[in-house]
file final_31.cif (mmCIF, C-alpha atoms and all ligand atoms)
data_structure
loop_
_atom_site.group_PDB
_atom_site.id
_atom_site.type_symbol
_atom_site.label_atom_id
_atom_site.label_comp_id
_atom_site.auth_asym_id
_atom_site.auth_seq_id
_atom_site.Cartn_x
_atom_site.Cartn_y
_atom_site.Cartn_z
ATOM 1 C CA MET A 5 0.000 0.000 0.000
ATOM 2 C CA LYS A 6 1.195 3.463 -0.775
ATOM 3 C CA GLU A 7 -0.472 6.689 0.164
ATOM 4 C CA VAL A 8 -0.960 9.337 -2.511
ATOM 5 C CA LYS A 9 -1.481 12.973 -1.622
ATOM 6 C CA ILE A 10 -3.436 15.164 -4.047
ATOM 7 C CA GLU A 11 -3.023 18.907 -3.630
ATOM 8 C CA THR A 12 -4.992 21.812 -5.054
ATOM 9 C CA THR A 13 -3.941 25.438 -5.182
ATOM 10 C CA LEU A 14 -6.559 28.181 -5.104
ATOM 11 C CA GLU A 15 -6.346 31.960 -4.972
ATOM 12 C CA ILE A 16 -8.608 33.697 -2.458
ATOM 13 C CA TYR A 17 -9.572 37.326 -3.063
ATOM 14 C CA THR A 18 -11.006 39.437 -0.233
ATOM 15 C CA ASP A 19 -13.965 40.488 -2.351
ATOM 16 C CA ILE A 20 -14.989 41.359 -5.909
ATOM 17 C CA ASN A 21 -13.105 44.674 -5.749
ATOM 18 C CA GLU A 22 -9.791 42.858 -5.497
ATOM 19 C CA LEU A 23 -10.355 41.162 -8.867
ATOM 20 C CA SER A 24 -8.954 42.622 -12.079
ATOM 21 C CA SER A 25 -11.444 44.816 -13.910
ATOM 22 C CA ASP A 26 -12.121 42.274 -16.689
ATOM 23 C CA ILE A 27 -13.073 39.636 -14.105
ATOM 24 C CA GLN A 28 -15.248 42.162 -12.269
ATOM 25 C CA VAL A 29 -17.125 42.732 -15.532
ATOM 26 C CA LEU A 30 -17.529 38.980 -15.984
ATOM 27 C CA MET A 31 -18.651 38.533 -12.367
ATOM 28 C CA ASN A 32 -21.169 41.355 -12.790
ATOM 29 C CA ALA A 33 -22.634 39.494 -15.780
ATOM 30 C CA ALA A 34 -22.925 36.412 -13.554
ATOM 31 C CA ILE A 35 -24.612 38.508 -10.831
ATOM 32 C CA GLU A 36 -27.142 39.818 -13.351
ATOM 33 C CA ALA A 37 -27.842 36.251 -14.485
ATOM 34 C CA ARG A 38 -28.099 35.055 -10.883
ATOM 35 C CA ASP A 39 -30.742 37.628 -10.089
ATOM 36 C CA THR A 40 -33.013 36.364 -12.880
ATOM 37 C CA ALA A 41 -32.599 32.634 -12.140
ATOM 38 C CA TYR A 42 -35.755 30.548 -12.079
ATOM 39 C CA ALA A 43 -35.457 28.982 -8.634
ATOM 40 C CA PRO A 44 -38.940 28.889 -7.061
ATOM 41 C CA TYR A 45 -38.318 25.544 -5.302
ATOM 42 C CA SER A 46 -34.851 25.766 -3.779
ATOM 43 C CA LYS A 47 -34.924 29.569 -3.446
ATOM 44 C CA PHE A 48 -31.241 29.380 -4.282
ATOM 45 C CA ASN A 49 -30.228 31.490 -7.270
ATOM 46 C CA VAL A 50 -27.044 30.778 -9.178
ATOM 47 C CA GLY A 51 -25.587 32.723 -12.099
ATOM 48 C CA ALA A 52 -22.655 31.955 -14.367
ATOM 49 C CA ALA A 53 -20.903 33.921 -17.091
ATOM 50 C CA ILE A 54 -18.320 32.544 -19.509
ATOM 51 C CA LEU A 55 -15.827 34.635 -21.466
ATOM 52 C CA LEU A 56 -14.991 33.112 -24.863
ATOM 53 C CA ASP A 57 -11.924 33.704 -27.019
ATOM 54 C CA ASN A 58 -14.139 35.508 -29.549
ATOM 55 C CA ASN A 59 -14.841 38.073 -26.789
ATOM 56 C CA GLU A 60 -18.456 36.992 -26.406
ATOM 57 C CA VAL A 61 -19.843 36.512 -22.897
ATOM 58 C CA VAL A 62 -22.383 33.717 -22.500
ATOM 59 C CA ILE A 63 -24.496 33.598 -19.375
ATOM 60 C CA GLY A 64 -26.629 30.991 -17.662
ATOM 61 C CA ASN A 65 -28.642 30.614 -14.495
ATOM 62 C CA ASN A 66 -30.346 27.741 -12.754
ATOM 63 C CA GLN A 67 -33.658 26.675 -14.255
ATOM 64 C CA GLU A 68 -35.778 24.588 -11.904
ATOM 65 C CA ASN A 69 -38.743 22.346 -12.578
ATOM 66 C CA ALA A 70 -41.663 20.962 -10.561
ATOM 67 C CA CYS A 71 -40.139 17.595 -11.420
ATOM 68 C CA PHE A 72 -36.964 18.466 -9.508
ATOM 69 C CA PRO A 73 -34.356 16.411 -11.434
ATOM 70 C CA SER A 74 -35.484 18.032 -14.695
ATOM 71 C CA GLY A 75 -33.990 21.357 -13.610
ATOM 72 C CA LEU A 76 -30.470 22.391 -14.530
ATOM 73 C CA CYS A 77 -27.670 24.219 -12.749
ATOM 74 C CA ALA A 78 -26.451 27.630 -13.876
ATOM 75 C CA GLU A 79 -22.991 26.441 -14.871
ATOM 76 C CA ARG A 80 -24.291 23.720 -17.179
ATOM 77 C CA THR A 81 -26.965 26.016 -18.621
ATOM 78 C CA ALA A 82 -24.180 28.472 -19.488
ATOM 79 C CA ILE A 83 -21.618 25.993 -20.778
ATOM 80 C CA TYR A 84 -24.088 24.066 -22.940
ATOM 81 C CA TYR A 85 -25.396 27.347 -24.313
ATOM 82 C CA ALA A 86 -21.817 28.397 -25.144
ATOM 83 C CA GLY A 87 -21.114 24.992 -26.713
ATOM 84 C CA ALA A 88 -24.288 25.219 -28.782
ATOM 85 C CA LYS A 89 -23.980 28.833 -29.900
ATOM 86 C CA TYR A 90 -20.203 29.089 -30.418
ATOM 87 C CA PRO A 91 -19.008 25.529 -31.027
ATOM 88 C CA LYS A 92 -15.599 26.638 -32.303
ATOM 89 C CA ALA A 93 -14.816 29.184 -29.586
ATOM 90 C CA LYS A 94 -12.599 28.401 -26.632
ATOM 91 C CA MET A 95 -13.871 29.119 -23.147
ATOM 92 C CA LEU A 96 -11.367 31.195 -21.237
ATOM 93 C CA LYS A 97 -12.934 32.168 -17.912
ATOM 94 C CA MET A 98 -16.060 31.395 -15.955
ATOM 95 C CA ALA A 99 -17.518 33.475 -13.108
ATOM 96 C CA ILE A 100 -20.090 31.962 -10.753
ATOM 97 C CA THR A 101 -22.159 33.542 -7.996
ATOM 98 C CA ALA A 102 -24.937 32.177 -5.795
ATOM 99 C CA SER A 103 -27.534 33.786 -3.573
ATOM 100 C CA SER A 104 -29.969 32.143 -1.175
ATOM 101 C CA GLN A 105 -33.386 33.808 -0.911
ATOM 102 C CA ASN A 106 -33.438 32.734 2.783
ATOM 103 C CA GLN A 107 -30.082 33.922 4.094
ATOM 104 C CA ILE A 108 -27.121 36.057 3.110
ATOM 105 C CA THR A 109 -24.706 33.947 1.111
ATOM 106 C CA ASP A 110 -21.421 35.374 2.297
ATOM 107 C CA LYS A 111 -19.132 32.501 1.388
ATOM 108 C CA PRO A 112 -17.949 31.336 -2.023
ATOM 109 C CA ILE A 113 -20.205 28.681 -3.587
ATOM 110 C CA PRO A 114 -18.270 26.223 -5.744
ATOM 111 C CA PRO A 115 -19.818 24.393 -8.717
ATOM 112 C CA CYS A 116 -21.437 21.051 -7.878
ATOM 113 C CA GLY A 117 -19.819 17.786 -8.909
ATOM 114 C CA ALA A 118 -21.988 17.310 -12.001
ATOM 115 C CA CYS A 119 -21.121 20.807 -13.226
ATOM 116 C CA ARG A 120 -17.414 20.201 -12.597
ATOM 117 C CA GLN A 121 -17.623 17.080 -14.746
ATOM 118 C CA ALA A 122 -19.434 19.033 -17.490
ATOM 119 C CA ILE A 123 -16.956 21.917 -17.439
ATOM 120 C CA ALA A 124 -14.013 19.491 -17.480
ATOM 121 C CA GLU A 125 -15.321 18.010 -20.728
ATOM 122 C CA TYR A 126 -14.826 21.380 -22.459
ATOM 123 C CA GLU A 127 -11.338 21.862 -21.043
ATOM 124 C CA ILE A 128 -10.376 18.526 -22.558
ATOM 125 C CA LYS A 129 -12.187 19.324 -25.836
ATOM 126 C CA GLN A 130 -10.384 22.644 -26.244
ATOM 127 C CA ASN A 131 -7.105 21.459 -24.707
ATOM 128 C CA GLN A 132 -6.888 24.622 -22.645
ATOM 129 C CA PRO A 133 -7.797 25.330 -19.020
ATOM 130 C CA ILE A 134 -10.809 27.402 -18.058
ATOM 131 C CA GLU A 135 -10.234 29.801 -15.159
ATOM 132 C CA ILE A 136 -13.003 29.488 -12.596
ATOM 133 C CA TYR A 137 -14.019 32.242 -10.155
ATOM 134 C CA PHE A 138 -16.772 31.698 -7.601
ATOM 135 C CA MET A 139 -18.378 33.721 -4.844
ATOM 136 C CA GLY A 140 -21.590 34.134 -2.858
ATOM 137 C CA VAL A 141 -23.308 37.514 -2.769
ATOM 138 C CA LYS A 142 -20.495 39.272 -0.979
ATOM 139 C CA GLY A 143 -17.170 38.463 0.570
ATOM 140 C CA LYS A 144 -14.436 36.198 -0.680
ATOM 141 C CA VAL A 145 -13.969 35.144 -4.278
ATOM 142 C CA VAL A 146 -12.115 31.912 -5.022
ATOM 143 C CA LYS A 147 -10.123 31.446 -8.216
ATOM 144 C CA SER A 148 -9.028 28.119 -9.611
ATOM 145 C CA HIS A 149 -6.665 28.247 -12.581
ATOM 146 C CA SER A 150 -8.512 25.334 -14.166
ATOM 147 C CA LEU A 151 -11.531 23.141 -13.620
ATOM 148 C CA THR A 152 -9.549 19.921 -13.372
ATOM 149 C CA ASN A 153 -7.816 21.532 -10.418
ATOM 150 C CA LEU A 154 -11.214 21.208 -8.667
ATOM 151 C CA LEU A 155 -11.843 17.664 -9.830
ATOM 152 C CA PRO A 156 -9.009 15.253 -9.175
ATOM 153 C CA LEU A 157 -9.380 11.696 -10.484
ATOM 154 C CA LEU A 158 -11.499 12.930 -13.366
ATOM 155 C CA PHE A 159 -13.489 10.421 -15.393
ATOM 156 C CA GLU A 160 -12.715 11.126 -19.035
ATOM 157 C CA SER A 161 -13.297 9.713 -22.471
ATOM 158 C CA SER A 162 -9.940 8.021 -23.073
ATOM 159 C CA VAL A 163 -11.156 5.027 -21.060
ATOM 160 C CA LEU A 164 -14.268 4.481 -23.202
HETATM 161 N N1 LIG B 201 -27.200 24.876 -8.415
HETATM 162 C C1 LIG B 201 -26.508 25.452 -9.434
HETATM 163 O O1 LIG B 201 -27.074 26.149 -10.277
HETATM 164 N N2 LIG B 201 -25.183 25.225 -9.492
HETATM 165 C C2 LIG B 201 -24.483 24.445 -8.629
HETATM 166 O O2 LIG B 201 -23.301 24.206 -8.826
HETATM 167 C C3 LIG B 201 -25.140 23.913 -7.441
HETATM 168 C C4 LIG B 201 -26.606 24.060 -7.386
HETATM 169 C C5 LIG B 201 -28.645 25.091 -8.370
HETATM 170 C C6 LIG B 201 -29.458 23.850 -8.657
HETATM 171 C C7 LIG B 201 -30.733 24.145 -7.940
HETATM 172 O O3 LIG B 201 -31.560 24.920 -8.808
HETATM 173 C C8 LIG B 201 -30.318 25.030 -6.766
HETATM 174 O O4 LIG B 201 -29.021 25.518 -7.074
HETATM 175 C C9 LIG B 201 -30.261 24.293 -5.438
HETATM 176 O O5 LIG B 201 -29.512 23.142 -5.515
#
call {"tool": "encode", "arguments": {"input": "final_31.cif", "output": "structure tokens", "more": "lines below"}}
Ligand code: THU
result
Amino acid sequence: MKEVKIETTLEIYTDINELSSDIQVLMNAAIEARDTAYAPYSKFNVGAAILLDNNEVVIGNNQENACFPSGLCAERTAIYYAGAKYPKAKMLKMAITASSQNQITDKPIPPCGACRQAIAEYEIKQNQPIEIYFMGVKGKVVKSHSLTNLLPLLFESSVL
């Protein structure tokens, strides 16, 4: 038996104001998307914005359904929209923000496991990392230099 240690490095920013201005713009697009999420059941709004290498910004937010599993997270709504609308563009950066309608979300909310798997697919497809930034409503913002950095032991297509 041998033990293996897996390490991840993240950057933590005090708040949105500490981000570079281009990321603030991207995060503001995610905030706008978050505030129009359709989340009547969980009362938890999430918004995502993706900057593409053609300079387009594609947004997404969570879309819920009375049949709960039929809903979709913000990150996947955004990334599938980007993949559908700009299939040749590379995805450079993604900003994510979440806001509970019941309490103040003052800590960074990372993408769920299913969204990490979905985002990782596009990193592999484009052979280039996607920077990920995530926050709540206020307070710290976390940056990961790539998605795979958030998803060790990734399941990917080479094994199929
Ligand atoms: N949600 C997202 O949009 N992204 C995530 O990464 C985690 C959860 C949404 C799904 C659901 O509409 C609500 O947040 C509560 O889980």
call {"tool": "resolve_selection", "arguments": {"input": "final_31.cif", "expression": "the PyMOL selection byres (((chain A and resi 46-52) around 10) and not hetatm)", "output": "MDAnalysis selection string"}}
result
chainID A and resid 30:45 53:54 62:68 72 77:83 98:107 109 113 115 137:138 140
call {"tool": "resolve_selection", "arguments": {"input": "final_31.cif", "expression": "the PyMOL selection byres (((chain A and resi 148-163) around 6) and not hetatm)", "output": "list in words"}}
result
Leu14, Ala124, Pro133, Ile134, Glu135, Ile136, Lys147 and Leu164 of chain A
call {"tool": "write_last_selection", "arguments": {"input": "final_31.cif", "atoms": "C-alpha atoms", "output": "PDB file, in the coordinates of the input"}}
result
ATOM      1  CA  LEU A  14      -6.559  28.181  -5.104  1.00  0.00           C
ATOM      2  CA  ALA A 124     -14.013  19.491 -17.480  1.00  0.00           C
ATOM      3  CA  PRO A 133      -7.797  25.330 -19.020  1.00  0.00           C
ATOM      4  CA  ILE A 134     -10.809  27.402 -18.058  1.00  0.00           C
ATOM      5  CA  GLU A 135     -10.234  29.801 -15.159  1.00  0.00           C
ATOM      6  CA  ILE A 136     -13.003  29.488 -12.596  1.00  0.00           C
ATOM      7  CA  LYS A 147     -10.123  31.446  -8.216  1.00  0.00           C
ATOM      8  CA  LEU A 164     -14.268   4.481 -23.202  1.00  0.00           C
TER       9      LEU A 164
END
call {"tool": "closest_residue", "arguments": {"input": "final_31.cif", "among": "A:Val61, A:Ile108, A:Ala88, A:Cys119", "to": "ligand LIG 201 (chain B)", "atoms": "all atoms listed in the file"}}
result
A:Cys119
call {"tool": "closest_residue", "arguments": {"input": "final_31.cif", "among": "A:Leu56, A:Ala122, A:Val8, A:Ala86", "to": "ligand LIG 201 (chain B)", "atoms": "only C-alpha atoms and all ligand atoms"}}
result
A:Ala122
call {"tool": "closest_residue", "arguments": {"input": "final_31.cif", "among": "A:Glu15, A:Glu22, A:Glu7, A:Asp110", "to": "Lys142 of chain A", "atoms": "all atoms listed in the file"}}
result
A:Asp110
call {"tool": "atom_distance", "arguments": {"input": "final_31.cif", "atom1": "atom CA of Lys94 of chain A", "atom2": "atom CA of Asn58 of chain A"}}
result
7.8 Å
